[in-house]
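Student: Attaching a single structure in structure tokens format; questions to follow.
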Amino acid sequence: MENLDNINWLDEVTKRQEDLLEDLFRMIRIRSVREDDLATAEAPVGPGPKKALEEFLKMAQEDGFETKQFGPLVGRVEIGEGDQTLGILGHLDVVPEGTGWDTDPYEPVIKDGRIYARGSSDDKGPTIGAYFAIKVLRELGAEFNQKIHLIVGTDEESGWMCMDHYAKVEKMPDYGFSPDAQFPIINGEKGNVSAQFKFDAKQTVEANHKLLDFHAGLRANMVPQEAYASVKTDQADQIKADFQAFLEDQPVSGKVSQASGQLRFELTGKAAHGSTPEKGHNAGTYLAAFLSKYTFDKKEANDFLTLVGDKLHLDFEGEKIGVAIVDDIMGALSMNIGIINFDDAEGGLVDANFRYPKGTDKDQIQSAIIKNVANLAVKVEMNGNKDPHYLSPEDPMVKTLLDVYAKQTGNEVYEKTIGGGTYGRLMERGVSFGVLFPDSIDTMHQANEFLAMDDLLRATAIYAESIYRLTR
Ligand code: ZN
Ligand code: ZN
């Protein structure tokens with residue numbers, strides 16, 4: 001067996017830069033966006049992701065690797081023999097390109113040392129970096145005393161159907177990493193569950209105002225940027241004046257218009273990712289906070305506004321609703337109110353999404369909420385749940401990964417928990433490892449997404465040495 005202990009990994013990768021880019025560009029040129037309207041039995045999330053998977057496995061076969069495909073959404077490259085299996089889990093699907101690109105998102109452009117393309121940093125660059133690391137190791141004559149499974153999925157950005165299927169038909173690797181977040185390491189991922197508050201609109205109350213409808217939010221995992229409400233009232237002038245006064249000292253903007261005895265409110269806040277609700281201004285909770293000082297002619301409308309405008313407003317850690325908790329290592333629970341709807345005929349629905357650390361769970365969150373809203377005419381149902389995932393920094397794999405990272409970069413190491421989720425959580429001893437460095441610019445999911453060439457080379461070198469040391 002070749003001894004590669006003293007090799008300069010970055011040199012070995014840099015020497016082969018052209019080949020690395022060729023492999024990566026081959027993947028980037030496939031628009032692997034989920035398209036449900038084009039889905040078929042053979043392509044359950046549309047033709048793009050399917051094509052990306054097939055092209056990747058074809059490339060690996062051309063490179064002389066053994067590959068396996070498990071249904072239309074997931075496959076793997078394998079090498080090595082042994083009792084243990086090291087898993088490397090990446091994805092080849094991408095989020096839609098959206099608008100605002102300066103270049104073709106599917107024709108990679110290298111400019112100022114950066115590779116511009118959709119998927120360059122999330123997650124084709126990192127996945128191909130890990131693949132190429134194995135290729136370099138094989139070329140250098142490394143032997144692997146364990147199985148290595150590089151598993152690629154094509155539905156990571158949506159429903160994880162790919163890995164759900166894999167887990168059903170194959171054994172998950174014993175341990176491993178997903179190159180789909182940041183260095184030095186992500187060894188904690190918070191749990192994720194939603195509470196859905198459901199309102200009828202049946203119990204009438206004596207009042208001068210009617211809440212006709214209220215809408216805010218597109219998705220549970222985003223902070224609503226816009227909110228709308230229609231109100232029927234005989235005190236329009238007073239309410240309009242109140243609204244202007246309300247807006248004066250709030251970080252949101254809005255307007256109100258009047259037509260045929262109805263007021264129509266529009267309020268604009270600031271969107272943010274659902275895992276960082278404090279970075280946004282939730283248009284829906286602000287508008288509810290304003291309207292909650294009036295009494296409307298349905299008990300449920302009033303309770304809806306009390307819930308959203310009081311109990312859930314400006315409370316990103318769930319204090320007022322009774323679910324707040326802070327874990328020493330994983331940090332605080334966070335709460336995002338992503339969907340806020342009410343209709344005088346149909347009733348209402350509010351979706352509150354929680355990212356929670358260890359120390360609580362779905363049942364505790366549910367019972368705390370139910371107790372807290374006992375006097376409101378609302379039903380609470382919990383929706384979906386992923387338990388928190390945490391791997392100790394004392395785990396031997398974590399130690400090896402951090403050691404390689406520190407040795408190659410000279411950077412300090414520390415553990416970190418995120419509110420988002422990666423494939424790392426699918427393995428009991430799983431983490432996310434790279435590809436972004438502490439000094440990288442994060443452009444994932446944005447227009448003009450890029451991956452710095454240096455980051456790709458550095459990460460590939462780190463993956464190569466990590467795989468080498470883990471499988472000796
Ligand atoms: Zn990703
Ligand atoms: Zn992503």
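We name chains A, B, ... following the order of the structure tokens; residues begin at 1 in each chain, and ligands are numbered from 1 as shown.
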Could you name the residues that touch Gly82 in chain A at 6 Å or less, counting only C-alpha atoms, but leaving out those on the same chain fewer than 6 positions away, as a tab-separated table (two decimals) with all heavy atoms, in the first residue's frame?

Tutor:
```
chain	number	residue	atom	x	y	z
A	145	ASN	N	-9.37	0.33	3.33
A	145	ASN	CA	-9.70	-0.80	4.19
A	145	ASN	C	-11.15	-0.76	4.68
A	145	ASN	O	-11.51	-1.44	5.62
A	145	ASN	CB	-8.76	-0.85	5.40
A	145	ASN	CG	-7.34	-1.12	4.94
A	145	ASN	OD1	-7.13	-1.84	3.96
A	145	ASN	ND2	-6.38	-0.53	5.61
A	146	GLN	N	-11.93	0.08	4.04
A	146	GLN	CA	-13.37	0.15	4.32
A	146	GLN	C	-14.07	0.36	2.99
A	146	GLN	O	-13.46	0.73	2.00
A	146	GLN	CB	-13.68	1.36	5.21
A	146	GLN	CG	-13.08	1.30	6.58
A	146	GLN	CD	-13.47	2.52	7.39
A	146	GLN	OE1	-14.37	3.26	7.03
A	146	GLN	NE2	-12.79	2.71	8.50
A	147	LYS	N	-15.37	0.14	3.01
A	147	LYS	CA	-16.15	0.50	1.83
A	147	LYS	C	-16.37	2.02	1.85
A	147	LYS	O	-16.59	2.61	2.90
A	147	LYS	CB	-17.53	-0.16	1.88
A	147	LYS	CG	-17.51	-1.67	1.74
A	147	LYS	CD	-18.94	-2.16	1.45
A	147	LYS	CE	-19.02	-3.67	1.48
A	147	LYS	NZ	-19.21	-4.21	2.86
```

Student: Using only C-alpha atoms and all ligand atoms, what are the residues with an atom within 10 Å of ligand 2, set out as an NGL selection string?

Tutor: :A and (91 or 93-95 or 119 or 121-123 or 156-158 or 180-181 or 420-422 or 444-446)

Student: Go ahead and write the selection's residues with all heavy atoms as a tab-separated table (two decimals), in the first residue's frame.

Tutor:
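So selection-v1.tsv came out as:
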```
chain	number	residue	atom	x	y	z
A	91	HIS	N	-25.78	16.05	-3.35
A	91	HIS	CA	-26.96	16.09	-4.23
A	91	HIS	C	-26.67	16.83	-5.53
A	91	HIS	O	-25.84	17.74	-5.58
A	91	HIS	CB	-28.17	16.67	-3.52
A	91	HIS	CG	-28.10	18.13	-3.16
A	91	HIS	ND1	-28.57	19.12	-3.98
A	91	HIS	CD2	-27.64	18.76	-2.04
A	91	HIS	CE1	-28.41	20.30	-3.38
A	91	HIS	NE2	-27.85	20.11	-2.20
A	93	ASP	N	-29.41	17.83	-7.61
A	93	ASP	CA	-30.51	18.73	-8.00
A	93	ASP	C	-30.15	20.14	-7.55
A	93	ASP	O	-29.32	20.33	-6.66
A	93	ASP	CB	-31.84	18.27	-7.38
A	93	ASP	CG	-31.80	18.20	-5.86
A	93	ASP	OD1	-30.82	17.65	-5.32
A	93	ASP	OD2	-32.73	18.72	-5.21
A	94	VAL	N	-30.79	21.12	-8.18
A	94	VAL	CA	-30.54	22.52	-7.83
A	94	VAL	C	-31.88	23.23	-7.65
A	94	VAL	O	-32.91	22.77	-8.17
A	94	VAL	CB	-29.72	23.26	-8.92
A	94	VAL	CG1	-28.32	22.70	-9.00
A	94	VAL	CG2	-30.41	23.21	-10.28
A	95	VAL	N	-31.85	24.36	-6.95
A	95	VAL	CA	-33.06	25.18	-6.85
A	95	VAL	C	-33.22	25.94	-8.17
A	95	VAL	O	-32.24	26.13	-8.90
A	95	VAL	CB	-33.03	26.16	-5.66
A	95	VAL	CG1	-33.10	25.42	-4.34
A	95	VAL	CG2	-31.80	27.05	-5.70
A	119	GLY	N	-25.74	25.78	-8.90
A	119	GLY	CA	-25.22	24.50	-8.43
A	119	GLY	C	-23.73	24.48	-8.17
A	119	GLY	O	-23.20	23.50	-7.67
A	121	SER	N	-21.94	26.00	-5.92
A	121	SER	CA	-21.64	25.80	-4.50
A	121	SER	C	-22.65	24.90	-3.81
A	121	SER	O	-22.38	24.37	-2.74
A	121	SER	CB	-21.56	27.16	-3.78
A	121	SER	OG	-22.80	27.84	-3.84
A	122	ASP	N	-23.83	24.72	-4.39
A	122	ASP	CA	-24.91	23.93	-3.79
A	122	ASP	C	-25.59	23.12	-4.84
A	122	ASP	O	-26.51	23.60	-5.48
A	122	ASP	CB	-25.88	24.87	-3.07
A	122	ASP	CG	-27.01	24.13	-2.39
A	122	ASP	OD1	-26.89	22.91	-2.16
A	122	ASP	OD2	-28.04	24.76	-2.09
A	123	ASP	N	-25.24	21.86	-5.09
A	123	ASP	CA	-24.21	21.16	-4.33
A	123	ASP	C	-23.32	20.40	-5.30
A	123	ASP	O	-22.66	19.45	-4.93
A	123	ASP	CB	-24.92	20.24	-3.31
A	123	ASP	CG	-23.97	19.58	-2.32
A	123	ASP	OD1	-23.06	20.24	-1.80
A	123	ASP	OD2	-24.12	18.38	-2.11
A	156	GLU	N	-32.90	16.78	-3.03
A	156	GLU	CA	-32.53	17.34	-1.73
A	156	GLU	C	-33.23	18.65	-1.49
A	156	GLU	O	-33.61	18.96	-0.36
A	156	GLU	CB	-31.01	17.54	-1.67
A	156	GLU	CG	-30.47	17.71	-0.25
A	156	GLU	CD	-30.55	19.14	0.28
A	156	GLU	OE1	-30.74	20.09	-0.52
A	156	GLU	OE2	-30.43	19.32	1.49
A	157	GLU	N	-33.40	19.44	-2.54
A	157	GLU	CA	-33.94	20.79	-2.38
A	157	GLU	C	-35.45	20.78	-2.10
A	157	GLU	O	-36.01	21.82	-1.80
A	157	GLU	CB	-33.63	21.65	-3.61
A	157	GLU	CG	-32.14	21.85	-3.87
A	157	GLU	CD	-31.47	22.74	-2.82
A	157	GLU	OE1	-32.11	23.15	-1.86
A	157	GLU	OE2	-30.26	23.01	-2.99
A	158	SER	N	-36.09	19.63	-2.25
A	158	SER	CA	-37.53	19.58	-1.99
A	158	SER	C	-37.86	18.56	-0.92
A	158	SER	O	-37.70	18.83	0.26
A	158	SER	CB	-38.29	19.28	-3.27
A	158	SER	OG	-38.00	20.25	-4.25
A	180	ASP	N	-22.15	19.79	2.14
A	180	ASP	CA	-23.27	20.64	1.71
A	180	ASP	C	-23.56	21.78	2.68
A	180	ASP	O	-24.69	22.20	2.83
A	180	ASP	CB	-24.53	19.77	1.53
A	180	ASP	CG	-25.64	20.46	0.75
A	180	ASP	OD1	-25.35	21.46	0.05
A	180	ASP	OD2	-26.79	20.02	0.84
A	181	ALA	N	-22.51	22.29	3.33
A	181	ALA	CA	-22.73	23.43	4.24
A	181	ALA	C	-21.41	24.18	4.43
A	181	ALA	O	-20.97	24.86	3.50
A	181	ALA	CB	-23.31	22.97	5.57
A	420	GLY	N	-30.92	24.74	9.68
A	420	GLY	CA	-31.28	24.06	8.43
A	420	GLY	C	-30.97	22.58	8.52
A	420	GLY	O	-30.54	22.09	9.56
A	421	GLY	N	-31.19	21.86	7.44
A	421	GLY	CA	-30.94	20.42	7.47
A	421	GLY	C	-30.11	19.97	6.28
A	421	GLY	O	-30.30	20.48	5.19
A	422	THR	N	-29.18	19.04	6.50
A	422	THR	CA	-28.42	18.45	5.40
A	422	THR	C	-28.53	16.92	5.51
A	422	THR	O	-28.99	16.39	6.51
A	422	THR	CB	-26.92	18.82	5.46
A	422	THR	OG1	-26.28	18.03	6.48
A	422	THR	CG2	-26.72	20.31	5.74
A	444	MET	N	-25.44	30.57	-2.11
A	444	MET	CA	-26.35	29.47	-2.38
A	444	MET	C	-27.79	29.97	-2.55
A	444	MET	O	-28.23	30.84	-1.80
A	444	MET	CB	-26.32	28.46	-1.23
A	444	MET	CG	-24.98	27.76	-1.09
A	444	MET	SD	-25.05	26.50	0.21
A	444	MET	CE	-23.31	26.04	0.33
A	445	HIS	N	-28.48	29.43	-3.54
A	445	HIS	CA	-29.88	29.75	-3.84
A	445	HIS	C	-30.06	31.16	-4.42
A	445	HIS	O	-31.18	31.60	-4.64
A	445	HIS	CB	-30.81	29.59	-2.62
A	445	HIS	CG	-30.90	28.19	-2.12
A	445	HIS	ND1	-31.97	27.73	-1.39
A	445	HIS	CD2	-30.07	27.13	-2.25
A	445	HIS	CE1	-31.78	26.45	-1.08
A	445	HIS	NE2	-30.64	26.07	-1.60
A	446	GLN	N	-28.98	31.89	-4.63
A	446	GLN	CA	-29.12	33.27	-5.11
A	446	GLN	C	-28.80	33.36	-6.61
A	446	GLN	O	-28.24	32.45	-7.19
A	446	GLN	CB	-28.16	34.18	-4.34
A	446	GLN	CG	-28.44	34.23	-2.84
A	446	GLN	CD	-27.39	35.00	-2.07
A	446	GLN	OE1	-26.73	35.87	-2.61
A	446	GLN	NE2	-27.24	34.67	-0.81
```

Student: Mind the document's chain letters and residue numbers, and return as number ranges by chain the residues of range 128-327 of chain A that DSSP labels strand (DSSP E or B).

Tutor: A: 147-153, 175-178, 181-182, 186, 188-189, 191-199, 204, 209-216, 222, 226-233, 253-259, 262-268, 270, 273, 281, 296, 298, 326-327

Student: Using backbone DSSP assignments, extract all alpha helix (DSSP H) residues from range 325-366 of chain A; output them as a list of chain:residue names.

Tutor: A:Lys362, A:Asp363, A:Gln364, A:Ile365, A:Gln366

Student: What does the file look like for those residues with all heavy atoms, as an mmCIF file, in the first residue's frame?

Tutor:
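Below you can see selection08.cif, which holds the result:
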```cif
data_model
loop_
_atom_site.group_PDB
_atom_site.id
_atom_site.type_symbol
_atom_site.label_atom_id
_atom_site.label_comp_id
_atom_site.auth_asym_id
_atom_site.auth_seq_id
_atom_site.Cartn_x
_atom_site.Cartn_y
_atom_site.Cartn_z
ATOM 1 N N LYS A 362 -41.286 17.213 19.907
ATOM 2 C CA LYS A 362 -42.562 17.546 19.283
ATOM 3 C C LYS A 362 -43.705 17.542 20.303
ATOM 4 O O LYS A 362 -44.537 18.454 20.333
ATOM 5 C CB LYS A 362 -42.822 16.515 18.180
ATOM 6 C CG LYS A 362 -44.154 16.624 17.513
ATOM 7 C CD LYS A 362 -44.308 15.462 16.533
ATOM 8 C CE LYS A 362 -45.774 15.235 16.215
ATOM 9 N NZ LYS A 362 -45.978 14.137 15.288
ATOM 10 N N ASP A 363 -43.764 16.521 21.164
ATOM 11 C CA ASP A 363 -44.874 16.410 22.119
ATOM 12 C C ASP A 363 -44.844 17.530 23.159
ATOM 13 O O ASP A 363 -45.875 18.080 23.526
ATOM 14 C CB ASP A 363 -44.845 15.046 22.820
ATOM 15 C CG ASP A 363 -45.117 13.910 21.845
ATOM 16 O OD1 ASP A 363 -45.687 14.192 20.763
ATOM 17 O OD2 ASP A 363 -44.760 12.761 22.158
ATOM 18 N N GLN A 364 -43.647 17.850 23.633
ATOM 19 C CA GLN A 364 -43.543 18.932 24.622
ATOM 20 C C GLN A 364 -43.947 20.270 24.004
ATOM 21 O O GLN A 364 -44.608 21.093 24.642
ATOM 22 C CB GLN A 364 -42.101 19.044 25.130
ATOM 23 C CG GLN A 364 -41.717 17.955 26.114
ATOM 24 C CD GLN A 364 -40.352 18.223 26.729
ATOM 25 O OE1 GLN A 364 -40.055 19.345 27.122
ATOM 26 N NE2 GLN A 364 -39.519 17.195 26.804
ATOM 27 N N ILE A 365 -43.532 20.484 22.770
ATOM 28 C CA ILE A 365 -43.891 21.735 22.088
ATOM 29 C C ILE A 365 -45.406 21.795 21.919
ATOM 30 O O ILE A 365 -46.047 22.806 22.228
ATOM 31 C CB ILE A 365 -43.157 21.826 20.726
ATOM 32 C CG1 ILE A 365 -41.655 22.012 20.961
ATOM 33 C CG2 ILE A 365 -43.720 22.971 19.892
ATOM 34 C CD1 ILE A 365 -40.809 21.905 19.703
ATOM 35 N N GLN A 366 -45.980 20.680 21.502
ATOM 36 C CA GLN A 366 -47.429 20.636 21.285
ATOM 37 C C GLN A 366 -48.199 20.907 22.579
ATOM 38 O O GLN A 366 -49.128 21.723 22.604
ATOM 39 C CB GLN A 366 -47.825 19.270 20.730
ATOM 40 C CG GLN A 366 -49.318 19.166 20.456
ATOM 41 C CD GLN A 366 -49.685 17.849 19.777
ATOM 42 O OE1 GLN A 366 -48.941 16.875 19.846
ATOM 43 N NE2 GLN A 366 -50.821 17.828 19.110
#
```

Student: Quick one: pull the distance between CA of Thr306 in chain A and CA of Phe342 in chain A, Å, one decimal.

Tutor: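 Separating CA of Thr306 in chain A from CA of Phe342 in chain A is a distance of 12.8 Å.
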
Student: So how far away is CA of Glu206 in chain A from CA of Ala288 in chain A, in Å?

Tutor: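 So the two atoms, CA of Ala288 in chain A and CA of Glu206 in chain A, lie 20.1 Å apart.
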
Student: Set the distance at 7 Å and use only C-alpha atoms: which residues neighbour range 50-63 of chain A once local chain neighbours fewer than 6 positions away are removed? I'd like the list as a list in words.

Tutor: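 My list of contacting residues is Met27, Ile30, Ser32, Ala43, Pro72, Leu73, Leu92 and Thr154 of chain A.
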
Student: Nearest residue to ligand 1 out of A:Ile339, A:Val435, A:Ala272, A:Ile148, using only C-alpha atoms and all ligand atoms?

Tutor: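 Of A:Ile339, A:Val435, A:Ala272, A:Ile148, the one nearest ligand 1, counting only C-alpha atoms and all ligand atoms, is A:Val435.
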
Student: Can you tell me which residues surround Glu319 in chain A at a distance of at most 12 Å, considering only C-alpha atoms, apart from same-chain residues fewer than 4 positions away, and format the answer as a VMD selection string?

Tutor: chain A and resid 310 to 315 323 to 326 332 to 335 365 368 to 369 372

Student: Write out as a PyMOL selection string the residues lying within 6 Å of Gln225 in chain A, counting only C-alpha atoms and excluding same-chain residues fewer than 3 positions away.

Tutor: chain A and resi 268-271+283
